[in-house]
>>> print(open('data_0.txt').read())   # compact mmCIF, C-alpha atoms
# COMPACT_ATOMS: atom_id res chain seq x y z
CA MET X 7 22.15 128.36 169.10
CA ASN X 8 18.37 128.06 169.29
CA ASN X 9 16.07 130.12 167.15
CA ILE X 10 12.82 131.76 168.15
CA LEU X 11 10.91 128.47 167.81
CA GLY X 12 13.27 126.69 170.14
CA TYR X 13 14.96 124.60 167.43
CA GLU X 14 18.68 124.47 167.01
CA GLU X 15 19.28 126.48 163.82
CA ASP X 16 21.83 124.10 162.29
CA ALA X 17 19.47 121.19 162.78
CA ILE X 18 16.82 122.72 160.52
CA THR X 19 17.31 121.87 156.88
CA MET X 20 14.90 123.50 154.49
CA ILE X 21 13.97 121.07 151.78
CA ASP X 22 11.77 122.74 149.18
CA ALA X 23 11.81 124.13 145.64
CA HIS X 24 14.25 126.84 146.70
CA ASP X 25 16.97 124.20 146.80
CA ILE X 26 16.50 123.29 143.12
CA ASN X 27 18.96 124.99 140.82
CA LEU X 28 17.27 125.12 137.42
CA GLY X 29 20.14 126.70 135.52
CA PRO X 30 19.63 129.36 132.84
CA ASN X 31 17.76 127.10 130.40
CA GLY X 32 15.43 125.83 133.13
CA ILE X 33 14.66 129.36 134.28
CA LEU X 34 13.98 130.40 130.68
CA PHE X 35 11.59 127.45 130.29
CA VAL X 36 9.74 128.44 133.48
CA ASN X 37 9.58 132.07 132.29
CA VAL X 38 8.21 131.15 128.85
CA ALA X 39 5.59 128.94 130.53
CA LEU X 40 4.63 131.82 132.83
CA LEU X 41 4.40 134.21 129.87
CA ALA X 42 2.20 131.73 128.00
CA MET X 43 -0.10 131.50 131.06
CA ILE X 44 -0.29 135.29 131.33
CA GLY X 45 -0.91 135.63 127.59
CA TRP X 46 -3.65 132.99 127.62
CA ALA X 47 -5.33 134.52 130.68
CA LEU X 48 -5.24 138.01 129.17
CA TRP X 49 -6.64 136.67 125.90
CA ARG X 50 -9.52 135.05 127.80
CA ALA X 51 -10.06 138.19 129.88
CA GLU X 52 -10.16 140.35 126.77
CA LYS X 53 -13.00 138.27 125.31
CA SER X 54 -15.20 139.13 128.26
CA ILE X 55 -14.74 142.86 127.76
CA THR X 56 -17.76 144.05 125.88
CA THR X 57 -17.21 147.78 125.95
CA GLN X 58 -15.10 149.54 123.37
CA SER X 59 -12.59 150.59 125.95
CA GLU X 60 -9.19 151.37 124.49
CA MET X 61 -7.75 152.05 127.92
CA ILE X 62 -8.63 148.60 129.28
CA THR X 63 -7.10 147.04 126.17
CA LEU X 64 -3.99 149.19 126.55
CA PHE X 65 -3.81 148.10 130.20
CA LEU X 66 -3.97 144.40 129.22
CA LEU X 67 -1.40 144.90 126.45
CA GLY X 68 0.81 146.72 128.92
CA ILE X 69 0.65 143.80 131.37
CA PHE X 70 1.62 141.38 128.60
CA ALA X 71 4.45 143.61 127.37
CA ILE X 72 5.86 144.18 130.87
CA SER X 73 5.61 140.45 131.70
CA GLY X 74 7.22 139.57 128.37
CA ARG X 75 10.08 141.99 128.87
CA ILE X 76 10.81 140.77 132.39
CA LEU X 77 10.32 137.05 131.76
CA LEU X 78 12.31 136.99 128.50
CA ASP X 79 15.18 138.89 130.11
CA PRO X 80 17.43 135.78 130.03
CA ILE X 81 17.51 136.08 126.20
CA PRO X 82 19.29 139.35 125.49
CA ASN X 83 17.30 141.95 123.57
CA ILE X 84 14.36 139.71 122.71
CA GLN X 85 11.04 140.97 124.09
CA PRO X 86 7.59 141.82 122.72
CA VAL X 87 7.47 145.49 123.75
CA THR X 88 8.59 147.03 120.45
CA VAL X 89 5.98 145.14 118.43
CA ILE X 90 3.17 145.85 120.91
CA VAL X 91 3.98 149.57 120.95
CA LEU X 92 4.18 149.61 117.15
CA LEU X 93 0.78 147.91 116.89
CA ALA X 94 -0.67 150.26 119.49
CA GLY X 95 0.51 153.19 117.39
CA ILE X 96 -1.08 151.69 114.28
CA HIS X 97 -4.45 151.01 115.96
CA PHE X 98 -4.81 153.54 118.75
CA GLY X 99 -2.70 156.45 117.50
CA ALA X 100 0.37 158.32 118.67
CA ALA X 101 -0.82 159.63 122.04
CA ARG X 102 -1.99 156.28 123.40
CA SER X 103 1.12 154.50 122.16
CA ILE X 104 3.25 157.05 124.02
CA ILE X 105 1.28 156.37 127.22
CA LEU X 106 1.82 152.64 126.69
CA ALA X 107 5.51 152.95 125.78
CA THR X 108 6.38 155.17 128.72
CA SER X 109 4.45 153.07 131.22
CA ILE X 110 6.06 149.85 130.00
CA ALA X 111 9.56 151.35 130.17
CA LEU X 112 9.04 152.72 133.67
CA ILE X 113 7.24 149.77 135.27
CA SER X 114 9.46 147.05 133.78
CA ASN X 115 12.57 149.01 134.74
CA LEU X 116 11.41 149.14 138.36
CA TYR X 117 12.26 145.43 138.26
CA LEU X 118 15.05 145.33 135.65
CA GLY X 119 16.83 148.47 136.77
CA HIS X 120 15.71 152.08 136.64
CA GLY X 121 17.98 154.95 135.73
CA LEU X 122 18.79 157.56 133.16
CA TRP X 123 18.41 154.99 130.38
CA THR X 124 14.68 154.62 131.17
CA ILE X 125 13.94 157.98 129.59
CA TYR X 126 15.81 156.96 126.42
CA GLN X 127 13.92 153.67 126.30
CA ALA X 128 10.61 155.49 126.79
CA LEU X 129 11.62 157.94 124.07
CA GLY X 130 12.68 155.13 121.70
CA TRP X 131 9.48 153.13 122.11
CA SER X 132 7.35 156.29 121.95
CA LEU X 133 8.92 157.26 118.62
CA ILE X 134 8.21 153.77 117.30
CA GLY X 135 4.59 154.12 118.42
CA VAL X 136 4.36 157.53 116.74
CA PHE X 137 5.87 156.09 113.57
CA GLY X 138 3.30 153.28 113.73
CA ALA X 139 0.54 155.89 113.87
CA MET X 140 2.06 157.69 110.88
CA ILE X 141 2.11 154.56 108.69
CA SER X 142 -1.16 153.19 110.05
CA SER X 143 -3.08 153.57 106.79
CA LYS X 144 -0.39 151.74 104.84
CA ILE X 145 -0.04 148.81 107.26
CA TYR X 146 -3.70 148.42 108.20
CA SER X 147 -6.27 148.91 105.50
CA ASN X 148 -9.63 147.31 104.66
CA ASN X 149 -9.66 145.70 108.12
CA LYS X 150 -6.54 143.75 107.20
CA LEU X 151 -3.05 143.92 108.62
CA SER X 152 -0.20 143.66 106.10
CA VAL X 153 2.10 141.29 107.94
CA ASN X 154 5.11 141.32 105.62
CA PRO X 155 5.58 145.12 105.56
CA LEU X 156 4.98 145.16 109.32
CA MET X 157 7.75 142.57 109.76
CA ALA X 158 10.13 144.83 107.86
CA VAL X 159 9.11 147.89 109.91
CA ALA X 160 9.45 145.92 113.15
CA ALA X 161 12.95 144.72 112.16
CA VAL X 162 14.09 148.27 111.40
CA SER X 163 12.44 149.45 114.63
CA GLY X 164 14.70 147.08 116.57
CA PHE X 165 17.80 148.86 115.26
CA VAL X 166 16.29 152.34 115.65
CA PHE X 167 15.23 151.72 119.26
CA ASP X 168 18.65 150.32 120.21
CA TRP X 169 20.47 153.27 118.63
CA ILE X 170 18.22 155.76 120.40
CA VAL X 171 18.94 154.04 123.73
CA SER X 172 22.65 153.97 122.82
CA ILE X 173 22.63 157.78 122.81
CA SER X 174 22.47 157.52 126.62
CA ALA X 175 26.06 156.20 126.47
CA LEU X 176 27.17 159.70 125.45
CA HIS X 177 26.69 160.70 129.09
CA VAL X 178 29.80 158.64 129.92
CA LEU X 179 31.55 158.04 126.57
CA SER X 180 33.19 160.56 124.31
CA PRO X 181 31.55 161.07 120.90
CA ASP X 182 34.81 159.80 119.32
CA ILE X 183 34.08 156.22 120.34
CA PHE X 184 30.30 156.39 119.95
CA PHE X 185 30.53 154.80 116.52
CA LEU X 186 32.59 151.96 118.03
CA TYR X 187 29.90 151.56 120.71
CA ILE X 188 27.20 151.30 118.03
CA LEU X 189 29.32 148.90 115.97
CA ASN X 190 29.83 146.63 118.98
CA GLY X 191 26.09 146.50 119.59
CA ILE X 192 25.07 145.35 116.12
CA PRO X 193 24.85 141.60 116.97
CA PHE X 194 22.46 142.52 119.80
CA ASP X 195 20.52 144.89 117.50
CA LEU X 196 20.16 141.95 115.12
CA LEU X 197 18.71 139.85 117.96
CA HIS X 198 16.17 142.60 118.68
CA ALA X 199 15.22 142.90 115.00
CA THR X 200 14.87 139.13 114.56
CA GLY X 201 12.85 138.82 117.77
CA ASN X 202 10.52 141.54 116.49
CA MET X 203 10.05 139.64 113.22
CA PHE X 204 9.17 136.52 115.21
CA PHE X 205 6.63 138.36 117.36
CA VAL X 206 5.03 140.00 114.30
CA ALA X 207 4.82 136.65 112.49
CA TRP X 208 3.06 134.90 115.37
CA PHE X 209 1.24 137.57 117.36
CA ALA X 210 0.59 140.61 115.16
CA VAL X 211 -2.65 139.32 113.62
CA PRO X 212 -4.31 138.15 116.88
CA LEU X 213 -3.14 141.30 118.68
CA SER X 214 -4.43 143.42 115.82
CA GLU X 215 -7.83 141.70 116.04
CA ILE X 216 -7.99 142.39 119.78
CA MET X 217 -7.05 146.03 119.28
CA THR X 218 -9.54 146.47 116.44
CA ARG X 219 -12.37 145.10 118.59
CA HIS X 220 -11.82 147.81 121.18
CA ILE X 221 -11.15 150.89 119.12
CA ALA X 222 -13.48 153.53 120.52
CA PHE X 223 -15.43 155.20 117.78
CA LYS X 224 -15.07 158.94 118.00
CA GLN X 225 -18.19 161.05 118.31
CA PRO X 226 -18.69 162.95 115.08
CA SER X 227 -18.17 166.45 116.44
CA VAL X 228 -20.16 168.35 113.81
CA VAL X 229 -23.30 166.30 114.41
CA ASP X 230 -22.68 166.53 118.16
CA ASN X 231 -22.56 170.30 118.00
CA PHE X 232 -25.55 170.40 115.78
CA ALA X 233 -27.51 168.28 118.23
CA LYS X 234 -26.56 170.54 121.15
CA THR X 235 -27.56 173.59 119.17
CA ARG X 236 -30.87 172.01 118.46
CA VAL X 237 -31.43 171.31 122.13
CA MET H 14 36.59 133.63 103.25
CA ASN H 15 35.11 135.69 106.08
CA PRO H 16 33.28 133.24 108.39
CA LEU H 17 30.33 135.66 108.52
CA ILE H 18 29.74 135.04 104.82
CA SER H 19 29.35 131.33 105.50
CA TYR H 20 26.63 132.11 108.08
CA LEU H 21 24.93 134.33 105.52
CA ILE H 22 25.07 131.62 102.84
CA ILE H 23 23.66 128.96 105.19
CA PHE H 24 20.89 131.34 106.32
CA THR H 25 20.01 132.27 102.73
CA LEU H 26 19.93 128.66 101.52
CA ILE H 27 17.68 127.46 104.35
CA SER H 28 15.43 130.53 103.93
CA LEU H 29 15.10 129.78 100.22
CA PHE H 30 14.22 126.18 101.04
CA ILE H 31 11.53 127.39 103.47
CA TYR H 32 10.28 129.91 100.89
CA THR H 33 9.81 127.22 98.25
CA THR H 34 8.30 124.56 100.51
CA VAL H 35 6.06 126.39 103.00
CA ASN H 36 2.68 127.70 101.84
CA LYS H 37 2.12 131.45 101.68
CA GLU H 38 -0.14 131.61 104.75
CA ASN H 39 2.49 130.20 107.06
CA LEU H 40 5.55 131.68 105.36
CA ALA H 41 5.98 134.63 107.75
CA LYS H 42 5.74 132.35 110.78
CA ALA H 43 8.20 129.86 109.31
CA ILE H 44 10.75 132.50 108.30
CA GLY H 45 10.33 134.39 111.60
CA THR H 46 10.79 131.25 113.68
CA PHE H 47 13.73 129.97 111.65
CA SER H 48 15.50 133.36 111.77
CA LEU H 49 15.18 133.57 115.54
CA VAL H 50 16.27 129.97 116.19
CA PHE H 51 19.19 130.29 113.75
CA LEU H 52 20.39 133.49 115.39
CA ILE H 53 20.07 132.21 118.96
CA ILE H 54 21.93 128.97 118.14
CA SER H 55 24.70 130.64 116.18
CA PHE H 56 24.89 133.86 118.24
CA SER H 57 27.92 132.97 120.32
CA SER H 58 30.18 131.90 117.47
CA MET H 59 28.76 134.46 115.02
CA SER H 60 29.28 137.39 117.39
CA THR H 61 32.87 136.23 118.05
CA ASP H 62 33.54 136.18 114.31
CA TYR H 63 31.86 139.58 113.99
CA TYR H 64 34.04 141.16 116.68
CA ARG H 65 37.16 139.64 115.10
CA TRP H 66 36.14 141.12 111.76
CA THR H 67 35.30 144.59 113.07
CA SER H 68 38.50 144.77 115.14
CA GLU H 69 40.37 145.04 111.82
CA PHE H 70 38.71 148.43 111.26
CA ILE H 71 38.94 149.75 114.80
CA ASP H 72 41.93 151.74 115.90
CA GLU H 73 41.29 152.85 119.46
CA VAL H 74 42.44 156.41 119.98
CA ASP H 75 44.40 156.11 123.21
CA ASN H 76 45.53 152.48 122.75
CA PRO H 77 44.13 151.08 126.00
CA HIS H 78 45.31 147.56 126.89
CA TYR H 79 48.67 148.00 125.12
CA GLY H 80 47.25 148.52 121.65
CA LEU H 81 45.57 145.13 121.55
CA PRO H 82 42.15 144.66 119.88
CA ASP H 83 39.18 145.72 122.02
CA LEU H 84 38.00 142.11 121.68
CA TRP H 85 40.68 141.32 124.28
CA ASP H 86 39.83 144.04 126.78
CA ASP H 87 39.92 142.48 130.27
CA LYS H 88 41.55 139.35 128.87
CA GLN H 89 45.08 137.98 128.89
CA ALA H 90 47.52 137.93 125.97
CA VAL H 91 51.08 136.97 125.08
CA CYS H 92 52.99 139.00 122.49
CA PHE H 93 56.09 137.97 120.57
CA HIS H 94 58.02 140.87 119.06
CA PHE H 95 60.83 140.00 116.68
CA PRO H 96 63.58 142.23 115.28
CA ALA H 97 63.11 143.21 111.62
CA GLY H 98 63.88 140.27 109.38
CA TYR H 99 63.58 137.64 112.12
CA ALA H 100 59.83 137.20 112.41
CA PRO H 101 58.47 133.77 111.43
CA SER H 102 57.29 133.38 107.85
CA GLY H 103 54.07 135.31 107.21
CA LEU H 104 54.38 137.42 110.36
CA ASP H 105 56.85 139.96 109.05
CA ASP H 106 54.34 142.58 107.82
CA GLY H 107 53.33 144.04 111.20
CA ARG H 108 51.83 142.61 114.35
CA HIS H 109 49.39 139.77 113.81
CA HIS H 110 46.70 138.89 116.34
CA PHE H 111 45.73 135.27 116.99
CA ASP H 112 42.65 134.55 119.05
CA PHE H 113 42.74 131.81 121.72
CA ASP H 114 41.68 129.22 119.14
CA GLY H 115 44.51 130.09 116.75
CA THR H 116 42.49 132.28 114.37
CA ASP H 117 44.63 135.06 112.85
CA PHE H 118 42.01 137.83 112.71
CA LYS H 119 43.86 141.13 112.61
CA THR H 120 47.16 142.56 111.41
CA ASP H 121 48.31 145.89 112.76
CA LYS H 122 50.66 147.06 110.01
CA ASP H 123 51.37 150.35 111.77
CA TRP H 124 52.82 148.63 114.82
CA ASN H 125 56.51 149.42 115.27
CA SER H 126 57.66 145.81 115.35
CA THR H 127 56.90 142.52 113.65
CA GLY H 128 55.50 139.35 115.16
CA ALA H 129 52.23 138.44 116.80
CA CYS H 130 50.10 138.51 119.90
CA VAL H 131 48.05 135.53 121.02
CA GLY H 132 45.19 136.52 123.29
CA GLY H 133 41.65 136.21 124.51
CA PHE H 134 42.70 134.03 127.45
CA GLU H 135 41.04 134.14 130.85
CA ASP H 136 41.69 132.94 134.38
CA PHE H 137 45.39 132.11 134.09
CA ASP H 138 47.24 132.81 137.33
CA ASN H 139 50.75 131.77 136.35
CA GLY H 140 52.88 133.27 133.56
CA LEU H 141 54.30 129.98 132.31
CA GLU H 142 50.84 128.41 132.02
CA LEU H 143 49.60 131.36 129.94
CA PHE H 144 52.78 131.29 127.83
CA ASN H 145 52.32 127.56 127.12
CA ALA H 146 48.64 128.10 126.28
CA ALA H 147 49.58 130.83 123.79
CA VAL H 148 52.28 128.69 122.20
CA GLY H 149 49.90 125.72 122.03
CA ALA H 150 47.12 127.79 120.42
CA THR H 151 49.27 128.60 117.39
CA GLY H 152 50.66 125.16 116.66
CA SER H 153 54.43 125.12 116.44
CA THR H 154 54.87 128.73 115.27
CA PHE H 155 56.12 130.04 118.62
CA SER H 156 57.59 126.85 120.07
CA TYR H 157 60.45 127.65 122.41
CA ASN H 158 63.59 126.15 123.93
CA SER H 159 64.43 126.79 127.54
CA THR H 160 66.95 125.98 130.23
CA GLN H 161 65.91 125.29 133.78
CA PHE H 162 68.14 127.02 136.31
CA SER H 163 67.88 127.01 140.10
CA PHE H 164 66.56 130.56 139.92
CA GLY H 165 63.95 129.73 137.30
CA LEU H 166 63.38 129.14 133.61
CA GLN H 167 65.48 130.88 130.97
CA ILE H 168 64.02 131.14 127.47
CA ASP H 169 66.77 130.41 124.94
CA SER H 170 64.83 130.71 121.69
CA ILE H 171 61.33 131.42 120.47
CA ALA H 172 60.21 130.37 117.00
CA GLY H 173 63.77 129.17 116.45
CA VAL H 174 65.18 132.68 116.89
CA LEU H 175 68.25 132.85 119.12
CA PRO H 176 68.94 136.37 120.48
CA CYS H 177 72.59 136.18 119.42
CA GLU H 178 71.51 135.54 115.83
CA ALA H 179 69.75 138.90 115.75
CA TYR H 180 72.35 140.83 117.73
CA THR H 181 76.08 140.55 118.05
CA CYS H 182 77.13 138.77 121.19
CA ALA H 183 80.71 138.90 122.43
CA ALA H 184 82.39 135.65 123.40
CA ASP H 185 83.46 137.16 126.73
CA PHE H 186 79.84 138.18 127.49
CA SER H 187 80.76 141.88 127.54
CA SER H 188 77.88 142.36 125.13
CA GLY H 189 75.03 140.11 124.28
CA ALA H 190 71.29 139.68 123.85
CA TYR H 191 68.47 137.78 125.49
CA TRP H 192 64.72 137.22 125.33
CA GLU H 193 63.37 139.92 127.61
CA LEU H 194 60.10 139.43 129.51
CA LEU H 195 57.74 142.36 129.94
CA HIS H 196 54.61 142.20 132.08
CA ASN H 197 52.00 144.85 131.30
CA GLY H 198 54.57 146.89 129.42
CA ALA H 199 57.17 146.95 132.21
CA TYR H 200 60.30 144.86 132.66
CA SER H 201 59.38 141.82 134.76
CA MET H 202 61.34 141.46 138.00
CA VAL H 203 60.61 137.72 138.13
CA GLY H 204 60.93 134.92 135.56
CA ILE H 205 58.05 133.57 133.53
CA SER H 206 57.56 130.55 135.80
CA ASP H 207 57.17 132.78 138.89
CA LEU H 208 55.09 135.50 137.27
CA ILE H 209 51.71 136.05 138.94
CA LEU H 210 49.15 137.37 136.47
CA ASP H 211 46.34 139.91 136.57
CA PRO H 212 42.98 139.17 134.89
CA ASP H 213 44.07 141.35 131.94
CA SER H 214 47.81 140.68 131.94
CA VAL H 215 49.80 141.17 128.77
CA ILE H 216 53.09 139.28 128.58
CA THR H 217 55.55 140.47 125.94
CA TRP H 218 58.64 138.68 124.73
CA GLN H 219 61.20 140.77 122.84
CA ILE H 220 64.95 140.55 122.26
CA ALA H 221 67.00 143.01 124.31
CA SER H 222 70.71 143.63 124.04
CA TYR H 223 73.33 144.86 126.48
>>> encode(input="data_0.txt", output="structure tokens")
Amino acid sequence: MNNILGYEEDAITMIDAHDINLGPNGILFVNVALLAMIGWALWRAEKSITTQSEMITLFLLGIFAISGRILLDPIPNIQPVTVIVLLAGIHFGAARSIILATSIALISNLYLGHGLWTIYQALGWSLIGVFGAMISSKIYSNNKLSVNPLMAVAAVSGFVFDWIVSISALHVLSPDIFFLYILNGIPFDLLHATGNMFFVAWFAVPLSEIMTRHIAFKQPSVVDNFAKTRV
Amino acid sequence: MNPLISYLIIFTLISLFIYTTVNKENLAKAIGTFSLVFLIISFSSMSTDYYRWTSEFIDEVDNPHYGLPDLWDDKQAVCFHFPAGYAPSGLDDGRHHFDFDGTDFKTDKDWNSTGACVGGFEDFDNGLELFNAAVGATGSTFSYNSTQFSFGLQIDSIAGVLPCEAYTCAADFSSGAYWELLHNGAYSMVGISDLILDPDSVITWQIASY
């Protein structure tokens, strides 16, 4: 049978990169390389931003977090989102971290699979961002990030996030076996916690420096009002 | 010793080594990297040991999969139930559970018979092949004697236990006992060598009398 180009279909053999089976380790290698390229490009792009625009920084962080979550999908439960949201909470406050957390959950799930669980993931990451905002003064003081306490918070956040998302299982499981469900997930919670520690150890300080550079200084409202009154 | 403790000891010792040798500036990076690499490398075996350990504490409410540990859900298993007093040495305090590699990881002392189940197998299509795999996984504990008949294989003894040792058998065969084969809890209509398995089949051997 001839195709639209007039060639016999069986006679055409596509020889290209699609025929190469990389296997899971090969795919992971490609994904990590892609993530490194995205991370490097975003880092370079951030340096050219001169304005103190939190939103642009949040947008760049969001791209990195979404890429990281999708590209590191072959390793279960290891992704940079939790740490990025936590740092966003510490530097930009609760509201902006909720925007970031919800956007990351929604957009990455459009690729990974969107459903009822997305709202639990958004809720889990948002709460971590809010908690980051609450402990901001303890983790970041005198223009310095305390890495060791942040590692501990990030590790605990891994468990907390997973347990919040696990609540979604109650839609299909009876509460009687919910504890069993949580118990079965602990090795994967441990992966999340350890991954978070790794990301904090390597990326928290540079990410914190980027975020600090773009924190928008708030207008002092009293002076502002005074100036308007004067005018 | 619980295998999880050995992982913990190894992790602690290497972490201490890193703590004493790496300078303070790079300590977080070193510990973070080591923790992640250690967990990824050991995850498969460590999670198996974890699920074996936790199955000891889990008693599923409605006993799905014939009361076997949830670790074996969707997997195949062979159970050997012995009359009281006839279970092999060390297996007379309930129903033991051996994983596919021969690890005895759980004892169900509330089970109403003594013996053991050997499980965690996958992709067996034939009953005899699964039976042999289960016997092989536990050394010689459940070695069996059989007689090949034209209609199939008859199991004469398992773990050295002859049915007529446990029950009274009449010389004229008016009463007797035999190793009965159950497949998924129901009496099997075919012998072990002709039994076609499901992905989560449970074969049970127990002595029945007539």
>>> interface_residues(input="data_0.txt", of="chain X", to="chain H", cutoff="6 Å", atoms="only C-alpha atoms", output="list in words")
Thr200, Met203, Phe204, Ala207 and Trp208 of chain X
>>> atom_distance(input="data_0.txt", atom1="atom CA of Ala101 of chain X", atom2="atom CA of Leu176 of chain X")
28.2 Å
>>> residues_around(input="data_0.txt", residues="segment 119-127 of chain H", least_positions_apart="5", cutoff="6 Å", atoms="all atoms listed in the file", output="VMD selection string")
chain H and resid 69 94 to 95 105 107 to 110
>>> residues_near_point(input="data_0.txt", point="(6.6, 149.1, 119.4)", cutoff="8 Å", atoms="all atoms listed in the file", output="PDB file with C-alpha atoms, in the frame of the given file")
ATOM      1  CA  VAL X  87       7.470 145.490 123.750  1.00  0.00           C
ATOM      2  CA  THR X  88       8.590 147.030 120.450  1.00  0.00           C
ATOM      3  CA  VAL X  89       5.980 145.140 118.430  1.00  0.00           C
ATOM      4  CA  ILE X  90       3.170 145.850 120.910  1.00  0.00           C
ATOM      5  CA  VAL X  91       3.980 149.570 120.950  1.00  0.00           C
ATOM      6  CA  LEU X  92       4.180 149.610 117.150  1.00  0.00           C
ATOM      7  CA  LEU X  93       0.780 147.910 116.890  1.00  0.00           C
ATOM      8  CA  ALA X  94      -0.670 150.260 119.490  1.00  0.00           C
ATOM      9  CA  GLY X  95       0.510 153.190 117.390  1.00  0.00           C
ATOM     10  CA  ALA X 107       5.510 152.950 125.780  1.00  0.00           C
ATOM     11  CA  TRP X 131       9.480 153.130 122.110  1.00  0.00           C
ATOM     12  CA  SER X 132       7.350 156.290 121.950  1.00  0.00           C
ATOM     13  CA  ILE X 134       8.210 153.770 117.300  1.00  0.00           C
ATOM     14  CA  GLY X 135       4.590 154.120 118.420  1.00  0.00           C
ATOM     15  CA  GLY X 138       3.300 153.280 113.730  1.00  0.00           C
ATOM     16  CA  ALA X 160       9.450 145.920 113.150  1.00  0.00           C
ATOM     17  CA  SER X 163      12.440 149.450 114.630  1.00  0.00           C
TER      18      SER X 163
END
>>> atom_distance(input="data_0.txt", atom1="atom CA of Val203 of chain H", atom2="atom CA of Gly165 of chain H")
8.7 Å
>>> atom_distance(input="data_0.txt", atom1="atom CA of Asp211 of chain H", atom2="atom CA of Cys92 of chain H")
15.6 Å
>>> axis_aligned_box(input="data_0.txt", around="segment 132-147 of chain X", padding_each_side="3 Å", output="AutoDock Vina command-line options")
--center_x 1.3 --center_y 153.1 --center_z 113.4 --size_x 21.2 --size_y 15.3 --size_z 23.1
>>> residues_near_point(input="data_0.txt", point="(14.5, 137.4, 129.6)", cutoff="12 Å", atoms="all atoms listed in the file", output="ChimeraX atom specification")
/X:30-31,33-38,40-41,72-86,114,118
>>> write_last_selection(input="data_0.txt", atoms="C-alpha atoms", output="PDB file, in the coordinates of the input")
ATOM      1  CA  PRO X  30      19.630 129.360 132.840  1.00  0.00           C
ATOM      2  CA  ASN X  31      17.760 127.100 130.400  1.00  0.00           C
ATOM      3  CA  ILE X  33      14.660 129.360 134.280  1.00  0.00           C
ATOM      4  CA  LEU X  34      13.980 130.400 130.680  1.00  0.00           C
ATOM      5  CA  PHE X  35      11.590 127.450 130.290  1.00  0.00           C
ATOM      6  CA  VAL X  36       9.740 128.440 133.480  1.00  0.00           C
ATOM      7  CA  ASN X  37       9.580 132.070 132.290  1.00  0.00           C
ATOM      8  CA  VAL X  38       8.210 131.150 128.850  1.00  0.00           C
ATOM      9  CA  LEU X  40       4.630 131.820 132.830  1.00  0.00           C
ATOM     10  CA  LEU X  41       4.400 134.210 129.870  1.00  0.00           C
ATOM     11  CA  ILE X  72       5.860 144.180 130.870  1.00  0.00           C
ATOM     12  CA  SER X  73       5.610 140.450 131.700  1.00  0.00           C
ATOM     13  CA  GLY X  74       7.220 139.570 128.370  1.00  0.00           C
ATOM     14  CA  ARG X  75      10.080 141.990 128.870  1.00  0.00           C
ATOM     15  CA  ILE X  76      10.810 140.770 132.390  1.00  0.00           C
ATOM     16  CA  LEU X  77      10.320 137.050 131.760  1.00  0.00           C
ATOM     17  CA  LEU X  78      12.310 136.990 128.500  1.00  0.00           C
ATOM     18  CA  ASP X  79      15.180 138.890 130.110  1.00  0.00           C
ATOM     19  CA  PRO X  80      17.430 135.780 130.030  1.00  0.00           C
ATOM     20  CA  ILE X  81      17.510 136.080 126.200  1.00  0.00           C
ATOM     21  CA  PRO X  82      19.290 139.350 125.490  1.00  0.00           C
ATOM     22  CA  ASN X  83      17.300 141.950 123.570  1.00  0.00           C
ATOM     23  CA  ILE X  84      14.360 139.710 122.710  1.00  0.00           C
ATOM     24  CA  GLN X  85      11.040 140.970 124.090  1.00  0.00           C
ATOM     25  CA  PRO X  86       7.590 141.820 122.720  1.00  0.00           C
ATOM     26  CA  SER X 114       9.460 147.050 133.780  1.00  0.00           C
ATOM     27  CA  LEU X 118      15.050 145.330 135.650  1.00  0.00           C
TER      28      LEU X 118
END
>>> residues_around(input="data_0.txt", residues="Gly115 of chain H", least_positions_apart="3", cutoff="6 Å", atoms="all atoms listed in the file", output="mmCIF file with C-alpha atoms, in the frame of the given file")
data_model
loop_
_atom_site.group_PDB
_atom_site.id
_atom_site.type_symbol
_atom_site.label_atom_id
_atom_site.label_comp_id
_atom_site.auth_asym_id
_atom_site.auth_seq_id
_atom_site.Cartn_x
_atom_site.Cartn_y
_atom_site.Cartn_z
ATOM 1 C CA PHE H 111 45.730 135.270 116.990
ATOM 2 C CA ASP H 112 42.650 134.550 119.050
ATOM 3 C CA ALA H 150 47.120 127.790 120.420
ATOM 4 C CA THR H 151 49.270 128.600 117.390
#
>>> residues_around(input="data_0.txt", residues="Ser54 of chain X", least_positions_apart="4", cutoff="12 Å", atoms="all atoms listed in the file", output="PyMOL selection string")
chain X and resi 47-50+58-59+62-63+216+219-220
>>> write_last_selection(input="data_0.txt", atoms="C-alpha atoms", output="PDB file, in the frame of the given file")
ATOM      1  CA  ALA X  47      -5.330 134.520 130.680  1.00  0.00           C
ATOM      2  CA  LEU X  48      -5.240 138.010 129.170  1.00  0.00           C
ATOM      3  CA  TRP X  49      -6.640 136.670 125.900  1.00  0.00           C
ATOM      4  CA  ARG X  50      -9.520 135.050 127.800  1.00  0.00           C
ATOM      5  CA  GLN X  58     -15.100 149.540 123.370  1.00  0.00           C
ATOM      6  CA  SER X  59     -12.590 150.590 125.950  1.00  0.00           C
ATOM      7  CA  ILE X  62      -8.630 148.600 129.280  1.00  0.00           C
ATOM      8  CA  THR X  63      -7.100 147.040 126.170  1.00  0.00           C
ATOM      9  CA  ILE X 216      -7.990 142.390 119.780  1.00  0.00           C
ATOM     10  CA  ARG X 219     -12.370 145.100 118.590  1.00  0.00           C
ATOM     11  CA  HIS X 220     -11.820 147.810 121.180  1.00  0.00           C
TER      12      HIS X 220
END
>>> residues_around(input="data_0.txt", residues="Asp136 of chain H", least_positions_apart="3", cutoff="10 Å", atoms="all atoms listed in the file", output="mmCIF file with C-alpha atoms, in the coordinates of the input")
data_model
loop_
_atom_site.group_PDB
_atom_site.id
_atom_site.type_symbol
_atom_site.label_atom_id
_atom_site.label_comp_id
_atom_site.auth_asym_id
_atom_site.auth_seq_id
_atom_site.Cartn_x
_atom_site.Cartn_y
_atom_site.Cartn_z
ATOM 1 C CA LYS H 88 41.550 139.350 128.870
ATOM 2 C CA GLN H 89 45.080 137.980 128.890
ATOM 3 C CA ASN H 139 50.750 131.770 136.350
ATOM 4 C CA LEU H 143 49.600 131.360 129.940
ATOM 5 C CA LEU H 210 49.150 137.370 136.470
ATOM 6 C CA ASP H 211 46.340 139.910 136.570
ATOM 7 C CA PRO H 212 42.980 139.170 134.890
ATOM 8 C CA ASP H 213 44.070 141.350 131.940
#
